[in-house]
$ cat query_27.cif   # mmCIF, C-alpha atoms
data_target
#
loop_
_atom_site.label_atom_id
_atom_site.label_comp_id
_atom_site.auth_asym_id
_atom_site.auth_seq_id
_atom_site.Cartn_x
_atom_site.Cartn_y
_atom_site.Cartn_z
CA MET A 1 72.33 83.52 84.67
CA ASP A 2 72.33 80.36 86.80
CA ALA A 3 71.54 81.28 90.41
CA ASP A 4 73.61 78.40 91.82
CA LEU A 5 76.66 79.56 89.86
CA ILE A 6 76.30 83.10 91.17
CA GLN A 7 75.92 81.78 94.70
CA ARG A 8 79.10 79.70 94.44
CA PHE A 9 81.12 82.69 93.34
CA ASP A 10 79.47 84.91 95.94
CA ASP A 11 80.45 82.45 98.68
CA ALA A 12 84.01 82.18 97.33
CA GLN A 13 84.32 85.97 97.22
CA ARG A 14 83.13 86.34 100.81
CA ARG A 15 85.76 83.87 101.94
CA ALA A 16 88.40 85.58 99.77
CA ILE A 17 87.56 88.88 101.48
CA ALA A 18 88.02 87.18 104.85
CA LEU A 19 91.37 85.76 103.73
CA LEU A 20 92.62 89.16 102.62
CA GLY A 21 91.37 90.76 105.84
CA GLU A 22 93.24 88.19 107.92
CA VAL A 23 96.48 88.67 106.02
CA VAL A 24 96.21 92.46 106.30
CA SER A 25 95.69 92.16 110.06
CA GLU A 26 99.01 90.30 110.26
CA LEU A 27 101.11 92.76 108.26
CA ARG A 28 104.26 93.66 110.16
CA GLU A 29 107.23 95.95 109.61
CA GLY A 30 110.06 94.24 107.76
CA GLN A 31 107.90 91.76 105.83
CA THR A 32 108.76 91.38 102.16
CA GLU A 33 106.39 90.76 99.28
CA THR A 34 107.43 87.12 99.38
CA ASP A 35 106.66 86.94 103.12
CA ILE A 36 103.15 88.33 102.61
CA ALA A 37 102.41 85.96 99.74
CA GLN A 38 103.64 83.05 101.86
CA LEU A 39 101.35 84.16 104.67
CA ALA A 40 98.43 83.92 102.24
CA GLU A 41 99.56 80.43 101.21
CA GLU A 42 99.55 79.36 104.87
CA ARG A 43 96.01 80.72 105.40
CA LEU A 44 94.54 79.42 102.12
CA GLN A 45 93.02 76.16 103.36
CA ARG A 46 91.78 77.76 106.57
CA HIS A 47 89.28 79.68 104.44
CA GLY A 48 88.16 76.65 102.45
CA PHE A 49 90.31 77.06 99.34
CA THR A 50 92.54 74.47 97.69
CA THR A 51 94.45 76.39 95.01
CA TRP A 52 94.80 79.75 93.24
CA PHE A 53 92.98 81.25 90.28
CA HIS A 54 96.13 83.35 90.10
CA PRO A 55 99.07 83.43 92.55
CA PRO A 56 99.13 86.18 95.21
CA GLU A 57 100.26 89.54 93.87
CA VAL A 58 101.98 91.87 96.36
CA HIS A 59 103.71 95.20 95.71
CA ILE A 60 105.34 97.35 98.39
CA GLY A 61 106.27 101.02 98.36
CA ALA A 62 107.50 102.43 95.06
CA ARG A 63 106.68 99.14 93.35
CA THR A 64 102.97 99.96 93.68
CA GLY A 65 103.50 102.64 91.04
CA LYS A 66 104.71 100.17 88.46
CA SER A 67 102.38 98.41 86.06
CA GLY A 68 102.86 95.02 84.47
CA LEU A 69 104.73 93.49 87.43
CA MET A 70 102.37 90.51 87.35
CA ASN A 71 103.50 87.94 89.93
CA ALA A 72 107.14 89.01 90.28
CA LEU A 73 107.55 89.13 94.05
CA SER A 74 110.46 90.83 95.76
CA SER A 75 112.19 89.19 98.71
CA SER A 76 114.44 92.16 99.44
CA ALA A 77 112.44 95.31 100.20
CA GLY A 78 110.93 95.10 103.70
CA LEU A 79 107.68 96.82 104.63
CA ARG A 80 108.06 100.14 106.48
CA PRO A 81 105.31 101.89 108.51
CA ASP A 82 104.71 104.59 105.87
CA ASP A 83 104.81 102.23 102.87
CA LEU A 84 101.78 101.39 100.80
CA VAL A 85 101.27 97.70 100.15
CA GLU A 86 99.05 96.60 97.26
CA ILE A 87 97.66 93.07 97.53
CA ASP A 88 95.58 91.00 95.08
CA PHE A 89 94.42 87.47 95.91
CA GLY A 90 92.59 84.96 93.70
CA PRO A 91 91.92 81.89 95.88
CA ALA A 92 89.95 79.03 94.32
CA THR A 93 88.03 75.84 95.01
CA GLU A 94 87.26 73.11 92.51
CA ASP A 95 84.23 74.98 91.13
CA ALA A 96 84.60 78.71 91.97
CA PHE A 97 87.09 81.38 92.93
CA GLY A 98 87.32 84.80 94.50
CA ASP A 99 89.28 87.78 93.20
CA ILE A 100 89.84 90.52 95.74
CA GLY A 101 92.43 93.24 96.26
CA GLY A 102 93.22 96.39 98.14
CA THR A 103 95.91 98.90 99.06
CA PHE A 104 96.91 99.41 102.67
CA ARG A 105 99.33 101.28 104.90
CA LEU A 106 100.94 99.74 107.94
CA ASN A 107 100.51 102.84 110.10
CA GLY A 108 96.83 103.02 109.19
CA THR A 109 96.90 106.57 107.82
CA GLU A 110 95.56 106.58 104.27
CA PRO A 111 96.86 109.08 101.72
CA LYS A 112 94.39 110.71 99.33
CA LEU A 113 95.52 108.36 96.55
CA VAL A 114 94.20 105.32 98.43
CA GLN A 115 90.94 107.07 99.33
CA VAL A 116 90.30 108.08 95.72
CA ALA A 117 91.16 104.57 94.46
CA ARG A 118 88.59 103.08 96.84
CA GLU A 119 85.98 105.62 95.77
CA CYS A 120 86.76 104.85 92.13
CA ALA A 121 86.25 101.10 92.60
CA ARG A 122 82.99 101.76 94.44
CA ALA A 123 81.80 104.15 91.72
CA VAL A 124 82.64 101.77 88.87
CA CYS A 125 80.78 98.92 90.58
CA GLY A 126 77.77 101.21 90.99
CA TYR A 127 77.96 102.43 87.39
CA ALA A 128 77.74 98.94 85.92
CA ASN A 129 74.39 97.70 84.58
CA ARG A 130 73.03 95.78 81.61
CA TRP A 131 72.69 98.95 79.52
CA LYS A 132 76.41 99.76 79.74
CA THR A 133 79.06 98.31 77.46
CA THR A 134 82.17 96.77 78.94
CA GLY A 135 84.26 99.57 77.46
CA GLU A 136 82.17 102.22 79.20
CA LEU A 137 83.40 100.97 82.58
CA TYR A 138 86.97 101.66 81.48
CA VAL A 139 86.08 105.15 80.22
CA TYR A 140 84.27 105.89 83.48
CA ALA A 141 87.28 104.85 85.58
CA GLN A 142 89.60 106.89 83.37
CA ALA A 143 87.41 109.99 83.79
CA TRP A 144 87.32 109.43 87.56
CA ALA A 145 91.12 109.44 87.69
CA VAL A 146 91.43 112.58 85.57
CA ASN A 147 88.81 114.42 87.61
CA HIS A 148 90.93 113.79 90.72
CA ARG A 149 94.18 114.86 89.02
CA LEU A 150 95.44 111.31 88.90
CA THR A 151 96.19 108.86 86.09
CA LEU A 152 94.60 105.52 85.35
CA ALA A 153 97.54 103.14 85.62
CA SER A 154 95.49 100.24 84.24
CA LYS A 155 96.33 101.08 80.64
CA ARG A 156 95.43 97.66 79.21
CA SER A 157 92.23 97.00 81.16
CA ILE A 158 90.57 97.55 84.53
CA GLY A 159 89.38 93.99 84.99
CA HIS A 160 88.06 90.90 83.28
CA ALA A 161 85.16 88.53 82.90
CA VAL A 162 84.89 85.84 85.58
CA LEU A 163 84.66 82.56 83.70
CA PRO A 164 83.09 79.43 85.24
CA ARG A 165 84.34 75.88 84.96
CA GLU A 166 82.72 74.69 81.77
CA GLY A 167 83.56 73.73 78.20
CA LEU A 168 87.21 74.09 77.24
CA LEU A 169 87.98 75.73 80.59
CA ASN A 170 87.15 72.53 82.44
CA LYS A 171 90.64 71.26 81.66
CA GLY A 172 93.29 72.82 83.89
CA TRP A 173 90.72 74.92 85.73
CA PRO A 174 91.02 77.42 87.45
CA ARG A 175 94.32 78.46 85.82
CA SER A 176 92.74 77.89 82.40
CA ALA A 177 90.10 80.48 83.34
CA HIS A 178 92.86 82.89 84.34
CA TYR A 179 94.69 82.44 81.05
CA ALA A 180 91.42 83.06 79.19
CA THR A 181 91.13 86.48 80.85
CA LEU A 182 94.21 87.53 78.87
CA LEU A 183 92.10 87.45 75.72
CA ARG A 184 90.94 90.95 74.81
CA ARG A 185 87.30 89.87 74.45
CA ASN A 186 87.29 88.94 78.13
CA GLN A 187 88.85 92.18 79.37
CA ILE A 188 87.30 95.43 80.53
CA HIS A 189 89.14 97.70 78.11
CA PHE A 190 88.48 100.89 76.20
CA LEU A 191 87.39 99.31 72.92
CA ASN A 192 85.24 96.43 74.18
CA PRO A 193 81.73 97.11 72.77
CA VAL A 194 79.95 94.15 74.40
CA ARG A 195 77.16 94.94 76.85
CA LEU A 196 77.73 93.84 80.43
CA ASP A 197 76.22 90.43 81.12
CA GLY A 198 77.73 87.98 83.58
CA LEU A 199 80.37 87.97 86.30
CA TYR A 200 83.29 90.42 86.31
CA ALA A 201 86.32 91.28 88.42
CA VAL A 202 86.83 95.05 88.47
CA ARG A 203 90.18 96.59 89.45
CA PRO A 204 90.86 100.19 88.37
CA LYS A 205 94.38 101.17 89.43
CA LEU A 206 95.22 104.84 89.93
CA THR A 207 98.62 106.51 90.20
CA ASP A 208 99.96 109.93 91.14
CA GLY A 209 103.08 109.35 89.07
CA SER A 210 105.10 107.66 91.79
CA LEU A 211 102.78 105.46 93.84
CA GLY A 212 99.78 103.40 92.81
CA ALA A 213 96.64 102.17 94.55
CA SER A 214 93.85 99.81 93.58
CA PHE A 215 90.89 97.93 95.00
CA GLU A 216 89.40 94.89 93.32
CA GLU A 217 85.84 93.60 93.63
CA MET A 218 83.61 91.15 91.77
CA ILE A 219 80.23 92.12 90.33
CA VAL A 220 77.37 90.33 88.63
CA VAL A 221 75.20 91.88 85.93
CA SER A 222 72.29 89.67 84.91
CA GLY A 223 69.15 91.32 83.59
CA ASP A 224 68.07 93.87 86.17
CA ASP A 225 70.27 92.20 88.80
CA ARG A 226 73.45 94.20 89.47
CA ARG A 227 75.36 93.70 92.72
CA VAL A 228 78.77 93.32 94.25
CA LEU A 229 79.60 89.73 95.13
CA GLY A 230 80.66 88.99 98.68
CA ARG A 231 79.24 92.28 99.96
CA ASP A 232 75.93 93.15 101.60
CA SER A 233 75.95 96.66 100.12
CA ILE A 234 78.00 98.77 97.73
CA GLU A 235 79.16 100.89 100.67
CA GLN A 236 81.28 97.92 101.80
CA VAL A 237 83.38 97.97 98.63
CA GLY A 238 87.04 98.47 99.49
CA LEU A 239 86.55 97.88 103.21
CA PHE A 240 88.11 95.04 105.18
#
$ encode --input "query_27.cif" --output "structure tokens"
Amino acid sequence: MDADLIQRFDDAQRRAIALLGEVVSELREGQTETDIAQLAEERLQRHGFTTWFHPPEVHIGARTGKSGLMNALSSSAGLRPDDLVEIDFGPATEDAFGDIGGTFRLNGTEPKLVQVARECARAVCGYANRWKTTGELYVYAQAWAVNHRLTLASKRSIGHAVLPREGLLNKGWPRSAHYATLLRRNQIHFLNPVRLDGLYAVRPKLTDGSLGASFEEMIVVSGDDRRVLGRDSIEQVGLF
């Protein structure tokens, strides 16, 4: 895989991590999902981005336990100290993007659900290599959830291929790349038999039946090279 391409996405992911970390540091009681997304919009250019691969996704409290909310942001429910807030950002430049997410609590005390979700994301990133199929990542995440008496809320997939700006995707990029991830062949789902090769965004979401938690990271698998983009070690996965 082209080293310059990997480097561009690695740099974008590092800056996306910094963007998410800054927004999390400014979370305050009473903020709505719309407020938090707007905060990200205001900080976007500060971190060298010009647009979004996908708009900010923010879920607060009981809404973290729902799946399929996509980008529907609420402007009514304000953040409370004990609420979980799930955030997913996909900031982009003209030739790369980051895709990073996490689940946080305003009072800083993490429930077991959040801890297990972080461990799951870290484990899935470590499990990936060129000998694994894409579907095996999904099965691994599902087993992780079951072994911790939780459920994998990501029923459709736990991530997607990260597609560069080339070919048909050059038009309307980066949103064209985001739309392409909706195709099943580009998703990390149960029945995908293709061996891992390329860039991927991995986001296994776990639920205890009422609340949900997820952490998203980007990985590269190219020959014997397997690493987490934007991180210096796998131990940093899920930390901000």
$ atom_distance --input "query_27.cif" --atom1 "CA of His59 (chain A)" --atom2 "CA of Leu239 (chain A)"
18.9 Å
$ residues_around --input "query_27.cif" --residues "Ala37 (chain A)" --least-positions-apart "6" --cutoff "12 Å" --atoms "all atoms listed in the file" --output "PyMOL selection string"
chain A and resi 19-20+23-24+26-27+31+43-44+52+54-60+71-75+85-91
$ closest_residue --input "query_27.cif" --among "A:Ala77, A:Ala141, A:Val146, A:Ala92" --to "Gly126 (chain A)" --atoms "only C-alpha atoms"
A:Ala141
$ residues_near_point --input "query_27.cif" --point "(83.7, 92.6, 88.5)" --cutoff "8 Å" --atoms "all atoms listed in the file" --output "PyMOL selection string"
chain A and resi 125+159-162+199-203+216-220+228
$ residues_around --input "query_27.cif" --residues "Trp144 (chain A)" --least-positions-apart "3" --cutoff "12 Å" --atoms "only C-alpha atoms" --output "list of chain:residue names"
A:Val116, A:Ala117, A:Arg118, A:Glu119, A:Cys120, A:Ala121, A:Arg122, A:Ala123, A:Val124, A:Tyr127, A:Leu137, A:Tyr138, A:Val139, A:Tyr140, A:Ala141, A:Asn147, A:His148, A:Arg149, A:Leu150, A:Thr151, A:Leu152, A:Pro204, A:Lys205, A:Leu206, A:Thr207
$ residues_near_point --input "query_27.cif" --point "(102.8, 102.1, 104.4)" --cutoff "8 Å" --atoms "all atoms listed in the file" --output "number ranges by chain"
A: 61, 79-85, 104-108
$ write_last_selection --input "query_27.cif" --atoms "C-alpha atoms" --output "compact mmCIF listing (two decimals), in the frame of the given file"
# COMPACT_ATOMS: atom_id res chain seq x y z
CA GLY A 61 106.27 101.02 98.36
CA LEU A 79 107.68 96.82 104.63
CA ARG A 80 108.06 100.14 106.48
CA PRO A 81 105.31 101.89 108.51
CA ASP A 82 104.71 104.59 105.87
CA ASP A 83 104.81 102.23 102.87
CA LEU A 84 101.78 101.39 100.80
CA VAL A 85 101.27 97.70 100.15
CA PHE A 104 96.91 99.41 102.67
CA ARG A 105 99.33 101.28 104.90
CA LEU A 106 100.94 99.74 107.94
CA ASN A 107 100.51 102.84 110.10
CA GLY A 108 96.83 103.02 109.19
$ closest_residue --input "query_27.cif" --among "A:Gly30, A:Gly135, A:Gly65, A:Gly101" --to "His189 (chain A)" --atoms "only C-alpha atoms"
A:Gly135
$ resolve_selection --input "query_27.cif" --expression "the PyMOL selection byres ((chain A and resi 53) around 12)" --output "PyMOL selection string"
chain A and resi 12+16+49-52+54-57+88-100+162-165+172-181
$ atom_distance --input "query_27.cif" --atom1 "CA of Lys132 (chain A)" --atom2 "CA of Asp4 (chain A)"
24.7 Å
$ atom_distance --input "query_27.cif" --atom1 "CA of Val114 (chain A)" --atom2 "CA of Arg63 (chain A)"
14.8 Å
$ residues_around --input "query_27.cif" --residues "Arg195 (chain A)" --least-positions-apart "4" --cutoff "8 Å" --atoms "all atoms listed in the file" --output "list in words"
Arg130, Trp131, Lys132, Thr133 and Thr134 of chain A
